[in-house]
Amino acid sequence: MTRKTKNEPRFSRNALLHSELFRHEKDLICALIAPDEYCTVQEAENRIAKYKKGKVT
């Protein structure tokens with residue numbers, strides 16, 4: 001388990017949707033992050049990467 005040494009800022013789903021960083025991932029942000037959930041940029045990127053690596057059945 002890793003320890004967080006730095007307190008990273010957490011953002012709402014709405015803030016992530018309007019960010020320049022995720023301008024091409026808006027649909028995935030809506031699907032992977034709950035409306036009332038807050039997460040870091042790294043957590044959002046990890047969720048998107050994990051989703052994109054998933055297998056199609």
# chains A, B, ... in the order shown; residues from 1 in each chain; ligands from 1
$ residues_around --residues "Asn14 in chain A" --least-positions-apart "5" --cutoff "9 Å" --atoms "only C-alpha atoms" --output "list in words"
Ser19, Cys30 and Pro35 of chain A
$ write_last_selection --atoms "N, CA, C and O atoms" --output "PDB file, in the first residue's frame"
ATOM      1  N   SER A  19     -12.803  20.956 -17.225  1.00  0.00           N
ATOM      2  CA  SER A  19     -11.367  21.182 -17.285  1.00  0.00           C
ATOM      3  C   SER A  19     -10.840  20.926 -18.702  1.00  0.00           C
ATOM      4  O   SER A  19     -11.382  20.117 -19.459  1.00  0.00           O
ATOM      5  N   CYS A  30     -18.404  11.320 -17.049  1.00  0.00           N
ATOM      6  CA  CYS A  30     -19.805  11.185 -16.627  1.00  0.00           C
ATOM      7  C   CYS A  30     -20.142   9.749 -16.227  1.00  0.00           C
ATOM      8  O   CYS A  30     -20.895   9.521 -15.294  1.00  0.00           O
ATOM      9  N   PRO A  35     -22.097  11.848  -9.630  1.00  0.00           N
ATOM     10  CA  PRO A  35     -22.326  13.297  -9.576  1.00  0.00           C
ATOM     11  C   PRO A  35     -21.895  13.962  -8.269  1.00  0.00           C
ATOM     12  O   PRO A  35     -21.471  15.114  -8.274  1.00  0.00           O
TER      13      PRO A  35
END
$ residues_around --residues "range 49-54 of chain A" --least-positions-apart "4" --cutoff "10 Å" --atoms "only C-alpha atoms" --output "compact mmCIF listing (two decimals) with N, CA and C atoms, in the first residue's frame"
# COMPACT_ATOMS: atom_id res chain seq x y z
N LEU A 28 -16.67 9.65 -20.59
CA LEU A 28 -16.12 8.72 -19.60
C LEU A 28 -16.17 9.30 -18.19
N LEU A 32 -17.92 7.30 -15.22
CA LEU A 32 -17.06 6.68 -14.22
C LEU A 32 -17.04 7.40 -12.87
N GLU A 43 -6.68 10.03 -9.83
CA GLU A 43 -7.72 9.00 -9.69
C GLU A 43 -8.60 8.96 -10.93
N ALA A 44 -8.95 10.11 -11.46
CA ALA A 44 -9.78 10.16 -12.67
C ALA A 44 -9.02 9.55 -13.86
N GLU A 45 -7.75 9.89 -13.99
CA GLU A 45 -6.94 9.32 -15.07
C GLU A 45 -6.81 7.81 -14.93
$ residues_around --residues "Ala34 in chain A" --least-positions-apart "5" --cutoff "10 Å" --atoms "only C-alpha atoms" --output "MDAnalysis selection string"
chainID A and resid 12:14 29 39
$ select_by_dssp --residues "chain A" --states "alpha helix (DSSP H)" --output "list of chain:residue names"
A:Arg13, A:Asn14, A:Ala15, A:Leu16, A:Leu17, A:Lys26, A:Asp27, A:Leu28, A:Ile29, A:Cys30, A:Ala31, A:Leu32, A:Val41, A:Gln42, A:Glu43, A:Ala44, A:Glu45, A:Asn46, A:Arg47, A:Ile48, A:Ala49, A:Lys50, A:Tyr51, A:Lys52, A:Lys53
$ atom_distance --atom1 "CA of Thr40 in chain A" --atom2 "CA of Val56 in chain A"
27.3 Å
$ atom_distance --atom1 "CA of Leu16 in chain A" --atom2 "CA of Thr57 in chain A"
29.2 Å
$ select_by_dssp --residues "chain A" --states "strand (DSSP E or B)" --output "mmCIF file with N, CA and C atoms, in the first residue's frame"
data_model
loop_
_atom_site.group_PDB
_atom_site.id
_atom_site.type_symbol
_atom_site.label_atom_id
_atom_site.label_comp_id
_atom_site.auth_asym_id
_atom_site.auth_seq_id
_atom_site.Cartn_x
_atom_site.Cartn_y
_atom_site.Cartn_z
ATOM 1 N N PHE A 11 -11.457 17.211 -6.875
ATOM 2 C CA PHE A 11 -12.352 17.997 -7.712
ATOM 3 C C PHE A 11 -13.682 17.280 -7.877
ATOM 4 N N SER A 12 -14.729 18.049 -8.047
ATOM 5 C CA SER A 12 -16.049 17.474 -8.312
ATOM 6 C C SER A 12 -16.098 16.984 -9.755
ATOM 7 N N TYR A 38 -16.043 13.317 -5.332
ATOM 8 C CA TYR A 38 -14.856 14.141 -5.543
ATOM 9 C C TYR A 38 -13.662 13.211 -5.699
ATOM 10 N N CYS A 39 -12.773 13.527 -6.652
ATOM 11 C CA CYS A 39 -11.570 12.715 -6.823
ATOM 12 C C CYS A 39 -10.437 13.584 -7.355
#
$ closest_residue --among "A:Lys55, A:Arg23, A:Leu17, A:Arg10" --to "Glu37 in chain A" --atoms "only C-alpha atoms"
A:Arg10
$ atom_distance --atom1 "CA of Arg47 in chain A" --atom2 "CA of Glu25 in chain A"
11.3 Å
